[in-house]
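Asks: Next comes query10.txt, compact mmCIF, C-alpha atoms:
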# COMPACT_ATOMS: atom_id res chain seq x y z
CA MET A 1 2.73 -8.71 6.61
CA VAL A 2 1.04 -5.35 7.11
CA GLY A 3 -0.89 -4.85 3.86
CA LEU A 4 1.12 -1.92 2.43
CA GLY A 5 2.22 -3.73 -0.72
CA GLY A 6 5.97 -3.09 -0.39
CA GLY A 7 6.14 0.08 -2.46
CA PHE A 8 7.14 2.22 0.52
CA ILE A 9 10.39 0.21 0.66
CA LEU A 10 11.01 -0.27 -3.05
CA VAL A 11 10.45 3.33 -4.24
CA PRO A 12 13.13 4.83 -1.93
CA ILE A 13 15.53 2.09 -3.07
CA LEU A 14 14.87 2.83 -6.74
CA ARG A 15 15.28 6.57 -6.16
CA LEU A 16 18.28 6.41 -3.83
CA PHE A 17 20.41 3.61 -5.22
CA LEU A 18 19.35 3.29 -8.86
CA GLY A 19 18.57 6.93 -9.65
CA PHE A 20 15.12 6.29 -11.14
CA SER A 21 12.99 9.32 -12.02
CA PRO A 22 9.68 9.66 -10.09
CA ALA A 23 7.63 8.25 -12.98
CA TYR A 24 10.00 5.32 -13.57
CA ALA A 25 10.20 4.56 -9.84
CA ALA A 26 6.40 4.64 -9.49
CA GLY A 27 5.75 2.57 -12.62
CA THR A 28 8.38 -0.06 -11.88
CA SER A 29 7.29 -0.30 -8.25
CA LEU A 30 3.70 -0.98 -9.32
CA VAL A 31 4.90 -4.15 -11.03
CA LEU A 32 5.96 -5.47 -7.63
CA ILE A 33 2.80 -4.12 -6.01
CA VAL A 34 0.53 -6.01 -8.40
CA ALA A 35 2.48 -9.27 -8.03
CA ASN A 36 2.82 -8.98 -4.27
CA SER A 37 -0.80 -8.01 -3.65
CA ALA A 38 -2.00 -10.80 -5.95
CA SER A 39 -0.16 -13.53 -4.06
CA GLY A 40 -0.91 -12.01 -0.67
CA ALA A 41 -4.59 -11.39 -1.41
CA PHE A 42 -5.02 -14.97 -2.64
CA THR A 43 -3.63 -16.29 0.64
CA TYR A 44 -5.82 -13.94 2.68
CA LEU A 45 -8.91 -14.95 0.70
CA LEU A 46 -8.22 -18.60 1.50
CA GLN A 47 -7.91 -17.63 5.16
CA LYS A 48 -11.27 -15.77 4.90
CA ARG A 49 -9.77 -12.61 6.36
CA VAL A 50 -10.83 -10.20 3.56
CA HIS A 51 -13.83 -7.89 3.97
CA LEU A 52 -15.04 -8.17 0.38
CA LYS A 53 -17.64 -5.37 0.48
CA ILE A 54 -15.13 -2.75 1.66
CA GLY A 55 -12.49 -3.96 -0.76
CA LEU A 56 -14.80 -3.75 -3.77
CA LEU A 57 -16.07 -0.27 -2.88
CA ILE A 58 -12.53 1.05 -2.47
CA ALA A 59 -11.54 -0.49 -5.80
CA ALA A 60 -14.46 1.22 -7.54
CA GLY A 61 -13.42 4.62 -6.20
CA GLY A 62 -9.77 3.95 -6.96
CA LEU A 63 -10.07 3.43 -10.70
CA PRO A 64 -10.24 7.13 -11.74
CA GLY A 65 -7.71 8.09 -9.07
CA SER A 66 -5.21 5.57 -10.42
CA ILE A 67 -5.36 7.10 -13.88
CA LEU A 68 -4.90 10.66 -12.58
CA GLY A 69 -2.00 9.63 -10.34
CA ALA A 70 -0.10 7.92 -13.14
CA ILE A 71 -0.45 10.96 -15.40
CA ALA A 72 0.67 13.32 -12.62
CA SER A 73 3.82 11.27 -11.94
CA VAL A 74 5.29 12.40 -15.27
CA HIS A 75 4.97 16.09 -14.37
CA ILE A 76 6.11 16.17 -10.72
CA SER A 77 9.71 17.21 -9.97
CA ALA A 78 12.09 14.77 -8.29
CA ARG A 79 12.63 17.00 -5.24
CA LEU A 80 8.91 17.54 -4.71
CA PHE A 81 8.28 13.82 -5.21
CA ASP A 82 10.83 12.83 -2.55
CA THR A 83 9.75 15.55 -0.12
CA ILE A 84 6.03 14.78 -0.24
CA LEU A 85 6.66 11.06 0.01
CA ALA A 86 9.03 11.44 2.98
CA VAL A 87 6.58 13.68 4.85
CA LEU A 88 3.76 11.24 4.18
CA LEU A 89 5.79 8.27 5.39
CA VAL A 90 6.85 9.98 8.62
CA ALA A 91 3.33 11.25 9.34
CA VAL A 92 1.84 7.79 8.97
CA ALA A 93 4.66 6.21 11.01
CA VAL A 94 4.30 8.65 13.91
CA ASP A 95 0.54 8.23 13.96
CA MET A 96 0.79 4.45 13.97
CA ALA A 97 3.49 4.29 16.66
CA TRP A 98 1.78 6.85 18.91
CA ASN A 99 -1.77 5.59 18.65
CA ALA A 100 -1.29 1.90 17.80
CA GLU A 101 -2.38 0.31 21.07
CA ARG A 102 -5.14 2.83 21.75
CA ARG A 103 -6.76 2.41 18.35
CA MET A 104 -6.51 -1.37 18.44
CA ALA A 105 -8.07 -1.62 21.91
CA GLY A 106 -11.43 -3.38 21.93
CA ARG A 107 -11.23 -4.58 18.32
CA ILE A 108 -12.58 -8.08 17.76
CA GLU A 109 -9.85 -10.51 16.66
CA HIS A 110 -11.56 -13.29 14.76
CA ASP A 111 -11.77 -14.61 11.21
CA ARG A 112 -15.44 -13.80 10.55
CA VAL A 113 -14.64 -10.32 9.25
CA THR A 114 -17.98 -10.06 7.43
CA LYS A 115 -19.64 -9.81 10.84
CA ILE A 116 -17.58 -6.74 11.69
CA LYS A 117 -18.93 -3.29 10.84
CA GLY A 118 -17.48 -1.90 7.63
CA MET A 119 -17.41 1.63 6.24
CA SER A 120 -20.07 3.85 4.74
CA TYR A 121 -20.61 3.77 0.96
CA ARG A 122 -19.37 7.33 0.45
CA ALA A 123 -16.36 6.94 2.75
CA ALA A 124 -15.18 3.81 0.97
CA LEU A 125 -15.50 5.36 -2.49
CA GLY A 126 -13.76 8.57 -1.40
CA LEU A 127 -10.98 6.62 0.27
CA GLY A 128 -10.59 4.55 -2.88
CA PHE A 129 -10.12 7.66 -5.00
CA VAL A 130 -7.35 8.95 -2.71
CA VAL A 131 -5.76 5.51 -2.63
CA GLY A 132 -5.78 5.35 -6.42
CA ILE A 133 -3.94 8.67 -6.72
CA PHE A 134 -1.23 7.76 -4.20
CA SER A 135 -0.92 4.30 -5.67
CA SER A 136 -0.07 5.49 -9.17
CA LEU A 137 1.67 8.78 -8.32
CA PHE A 138 4.16 7.33 -5.84
CA GLY A 139 4.06 3.63 -6.75
CA LEU A 140 3.04 2.72 -3.20
CA GLY A 141 0.03 0.62 -4.02
CA GLY A 142 -2.21 2.73 -1.76
CA GLY A 143 -1.78 0.63 1.37
CA ILE A 144 -0.02 3.47 3.15
CA VAL A 145 -3.30 5.38 2.99
CA LEU A 146 -5.60 2.39 3.42
CA VAL A 147 -4.13 0.97 6.60
CA PRO A 148 -4.38 4.17 8.69
CA ALA A 149 -7.81 4.94 7.22
CA PHE A 150 -9.07 1.51 8.21
CA LEU A 151 -7.85 2.13 11.74
CA TYR A 152 -9.72 5.43 11.91
CA PHE A 153 -12.92 4.66 10.02
CA SER A 154 -13.58 0.94 10.48
CA GLU A 155 -13.70 -1.65 13.23
CA LEU A 156 -11.56 -4.19 11.40
CA PRO A 157 -8.80 -5.87 13.46
CA ALA A 158 -5.21 -5.47 12.21
CA HIS A 159 -5.10 -8.87 10.51
CA ALA A 160 -8.30 -8.13 8.59
CA ILE A 161 -6.98 -4.67 7.74
CA SER A 162 -3.88 -6.17 6.15
CA ALA A 163 -5.94 -8.70 4.21
CA THR A 164 -8.54 -6.23 2.95
CA SER A 165 -5.83 -3.73 2.04
CA HIS A 166 -4.08 -6.32 -0.15
CA PHE A 167 -7.38 -7.19 -1.83
CA ALA A 168 -8.23 -3.55 -2.60
CA ILE A 169 -4.71 -2.86 -3.87
CA LEU A 170 -4.93 -5.89 -6.16
CA LEU A 171 -8.04 -4.46 -7.82
CA THR A 172 -6.77 -0.87 -8.01
CA SER A 173 -3.04 -1.01 -8.86
CA PRO A 174 -3.28 -2.73 -12.28
CA VAL A 175 -5.12 0.32 -13.66
CA GLY A 176 -2.27 2.64 -12.75
CA LEU A 177 0.23 0.09 -14.03
CA VAL A 178 -1.45 0.02 -17.43
CA VAL A 179 -1.26 3.82 -17.66
CA HIS A 180 2.43 3.74 -16.70
CA VAL A 181 3.06 1.12 -19.39
CA MET A 182 1.36 3.34 -21.97
CA GLN A 183 3.62 6.20 -20.84
CA HIS A 184 6.69 3.92 -21.11
CA ASP A 185 7.49 4.36 -17.41
CA ILE A 186 8.41 0.70 -16.83
CA VAL A 187 12.03 -0.51 -16.74
CA ALA A 188 11.59 -3.86 -18.48
CA ARG A 189 14.76 -5.53 -17.17
CA ASP A 190 13.48 -5.25 -13.59
CA VAL A 191 10.01 -6.68 -14.22
CA VAL A 192 10.85 -10.42 -14.03
CA PRO A 193 12.86 -10.36 -10.77
CA LEU A 194 10.35 -8.04 -9.13
CA VAL A 195 7.41 -10.25 -10.05
CA ALA A 196 9.28 -13.39 -8.95
CA GLY A 197 10.19 -11.81 -5.63
CA GLY A 198 6.67 -10.52 -5.06
CA LEU A 199 5.08 -13.89 -5.75
CA LEU A 200 7.50 -15.51 -3.29
CA GLY A 201 7.27 -12.89 -0.56
CA GLY A 202 3.50 -12.31 -0.56
CA PRO A 203 2.38 -15.67 0.89
CA ILE A 204 5.31 -15.68 3.35
CA GLY A 205 4.34 -12.26 4.69
CA ALA A 206 0.68 -13.26 4.96
CA ARG A 207 1.60 -16.27 7.10
CA LEU A 208 4.12 -14.37 9.23
CA SER A 209 1.46 -11.77 10.06
CA LEU A 210 -0.43 -14.46 11.98
CA ARG A 211 2.50 -14.74 14.40
CA LEU A 212 2.38 -11.08 15.44
CA LYS A 213 -0.24 -9.39 17.59
CA SER A 214 -2.04 -6.32 16.24
CA PRO A 215 0.06 -3.65 18.05
CA GLN A 216 3.27 -5.42 17.02
CA LEU A 217 2.24 -5.28 13.36
CA LEU A 218 1.73 -1.53 13.57
CA ILE A 219 5.09 -0.94 15.26
CA VAL A 220 6.87 -2.99 12.57
CA VAL A 221 5.42 -0.89 9.77
CA ALA A 222 6.07 2.38 11.63
CA VAL A 223 9.79 1.61 11.91
CA ALA A 224 9.98 0.62 8.25
CA LEU A 225 8.25 3.85 7.18
CA VAL A 226 10.70 6.03 9.11
CA VAL A 227 13.69 4.25 7.57
CA ALA A 228 12.25 4.70 4.08
CA ALA A 229 11.55 8.41 4.70
CA ALA A 230 15.05 8.99 6.06
CA SER A 231 16.58 7.54 2.90
CA LEU A 232 14.56 9.93 0.72
CA VAL A 233 15.58 12.95 2.78
CA TRP A 234 19.24 11.86 2.69
CA ARG A 235 19.09 11.72 -1.11
CA GLN A 236 18.22 15.40 -1.27
CA LEU A 237 21.06 16.50 1.02
Turn this file's structure into structure tokens for me.

Replies:
Amino acid sequence: MVGLGGGFILVPILRLFLGFSPAYAAGTSLVLIVANSASGAFTYLLQKRVHLKIGLLIAAGGLPGSILGAIASVHISARLFDTILAVLLVAVAVDMAWNAERRMAGRIEHDRVTKIKGMSYRAALGLGFVVGIFSSLFGLGGGIVLVPAFLYFSELPAHAISATSHFAILLTSPVGLVVHVMQHDIVARDVVPLVAGGLLGGPIGARLSLRLKSPQLLIVVAVALVVAAASLVWRQL
């Protein structure tokens, strides 16, 4: 619905309820991210809501970042992993909830996203690199960085932001997933149900997003981010 890929919900669940290590949680989550972004991006492409130029530039910058993030996930401690992720989730949630309506004001809501101003070449590549790191390190897919960045540095409406985010994640996440597979960070028994659920939920979320106005979409994701962060903090208590 909001273009974040679902990792911000799945990773806290894997850490809190199943006791996965940071690397295993990130690697297993990326399986869902790839499946979910694939189905969602396909639907968005059919709806012509993806800004292809921005998505491709972000993907190009995200390739090296994805490799570095996957390698770093093996060396980060569980407490540091949970703490950084919780802080990140809350920061993004507060920013979205506080500035949602103001930042969406005046944005053009139509399907011809190619007519809307994009991002500079350097900004898109740099954003892609950061997205790649967060995608592979935390198993979030990168949408948690992409969505706020699009709100700050582009003129895309919320529905185009969600669509373009899914498209960029689809091109970036598989690289990190491959590295995690090589590091044996994937829990094989969870792959099939995660992929099946992602393929089912992606198109449903893409269609449901059309029923919500831009500010409503941002409030929905802000609430979900706070809940996910709270679960990570609770685990460390």

Asks: Show which residues sit within 9 Å of Leu232 (chain A), as a ChimeraX atom specification. Count only C-alpha atoms, and ignore same-chain residues fewer than 6 positions away.

Replies: /A:12-13,15-16,82-83,85-86

Asks: For the selection just defined, write its residues with C-alpha atoms to a file, as a PDB file, in the coordinates of the input.

Replies:
ATOM      1  CA  PRO A  12      13.130   4.830  -1.930  1.00  0.00           C
ATOM      2  CA  ILE A  13      15.530   2.090  -3.070  1.00  0.00           C
ATOM      3  CA  ARG A  15      15.280   6.570  -6.160  1.00  0.00           C
ATOM      4  CA  LEU A  16      18.280   6.410  -3.830  1.00  0.00           C
ATOM      5  CA  ASP A  82      10.830  12.830  -2.550  1.00  0.00           C
ATOM      6  CA  THR A  83       9.750  15.550  -0.120  1.00  0.00           C
ATOM      7  CA  LEU A  85       6.660  11.060   0.010  1.00  0.00           C
ATOM      8  CA  ALA A  86       9.030  11.440   2.980  1.00  0.00           C
TER       9      ALA A  86
END

Asks: Interatomic distance between CA of Pro193 (chain A) and CA of Leu32 (chain A)?

Replies: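 Going from CA of Pro193 (chain A) over to CA of Leu32 (chain A) covers 9.0 Å.
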
Asks: For CA of Ala163 (chain A) and CA of Val34 (chain A), quote the distance in Å rounded to one decimal.

Replies: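 Going from CA of Ala163 (chain A) over to CA of Val34 (chain A), I get 14.4 Å.
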
Asks: Take the point (15.5, 5.6, -10.6) as written in the file and pick out every residue within 12 Å of it, counting all atoms listed in the file; give the list as a short mmCIF file (atom, residue, chain, number, x, y, z; two decimals) with C-alpha atoms, in the frame of the given file.

Replies:
data_model
loop_
_atom_site.label_atom_id
_atom_site.label_comp_id
_atom_site.auth_asym_id
_atom_site.auth_seq_id
_atom_site.Cartn_x
_atom_site.Cartn_y
_atom_site.Cartn_z
CA LEU A 10 11.01 -0.27 -3.05
CA VAL A 11 10.45 3.33 -4.24
CA PRO A 12 13.13 4.83 -1.93
CA ILE A 13 15.53 2.09 -3.07
CA LEU A 14 14.87 2.83 -6.74
CA ARG A 15 15.28 6.57 -6.16
CA LEU A 16 18.28 6.41 -3.83
CA PHE A 17 20.41 3.61 -5.22
CA LEU A 18 19.35 3.29 -8.86
CA GLY A 19 18.57 6.93 -9.65
CA PHE A 20 15.12 6.29 -11.14
CA SER A 21 12.99 9.32 -12.02
CA PRO A 22 9.68 9.66 -10.09
CA ALA A 23 7.63 8.25 -12.98
CA TYR A 24 10.00 5.32 -13.57
CA ALA A 25 10.20 4.56 -9.84
CA ALA A 26 6.40 4.64 -9.49
CA GLY A 27 5.75 2.57 -12.62
CA THR A 28 8.38 -0.06 -11.88
CA SER A 29 7.29 -0.30 -8.25
CA ALA A 78 12.09 14.77 -8.29
CA ASP A 82 10.83 12.83 -2.55
CA ASP A 185 7.49 4.36 -17.41
CA ILE A 186 8.41 0.70 -16.83
CA VAL A 187 12.03 -0.51 -16.74
CA ASP A 190 13.48 -5.25 -13.59
CA ARG A 235 19.09 11.72 -1.11
#

Asks: Using all atoms listed in the file, which protein or nucleic acid residues come within 10 Å of Leu89 (chain A)? Drop anything in the same chain fewer than 2 positions from it, and give the result as a list in words.

Replies: Phe8, Thr83, Ile84, Leu85, Ala86, Val87, Ala91, Val92, Ala93, Val94, Ile144, Val145, Ala222, Ala224, Leu225, Val226, Val227, Ala228, Ala229 and Ala230 of chain A

Asks: Can you pull out every residue within 9 Å of region 48-57 of chain A, counting only C-alpha atoms, but drop anything in the same chain fewer than 3 positions away, and send it as a PyMOL selection string?

Replies: chain A and resi 41+43-45+60-62+110-114+116+118-122+124-125+128+156+159-169+171

Asks: CA of Val179 (chain A) and CA of Phe150 (chain A), how far apart in Å?

Replies: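 Value for the CA of Phe150 (chain A)-CA of Val179 (chain A) distance: 27.1 Å.
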
Asks: Edge lengths and centre in Å to one decimal, as AutoDock Vina command-line options, of the axis-aligned box that encloses all listed atoms of region 174-193 of chain A with 4 Å added on every side?

Replies:
--center_x 4.8 --center_y -2.1 --center_z -16.4 --size_x 27.9 --size_y 24.6 --size_z 19.2
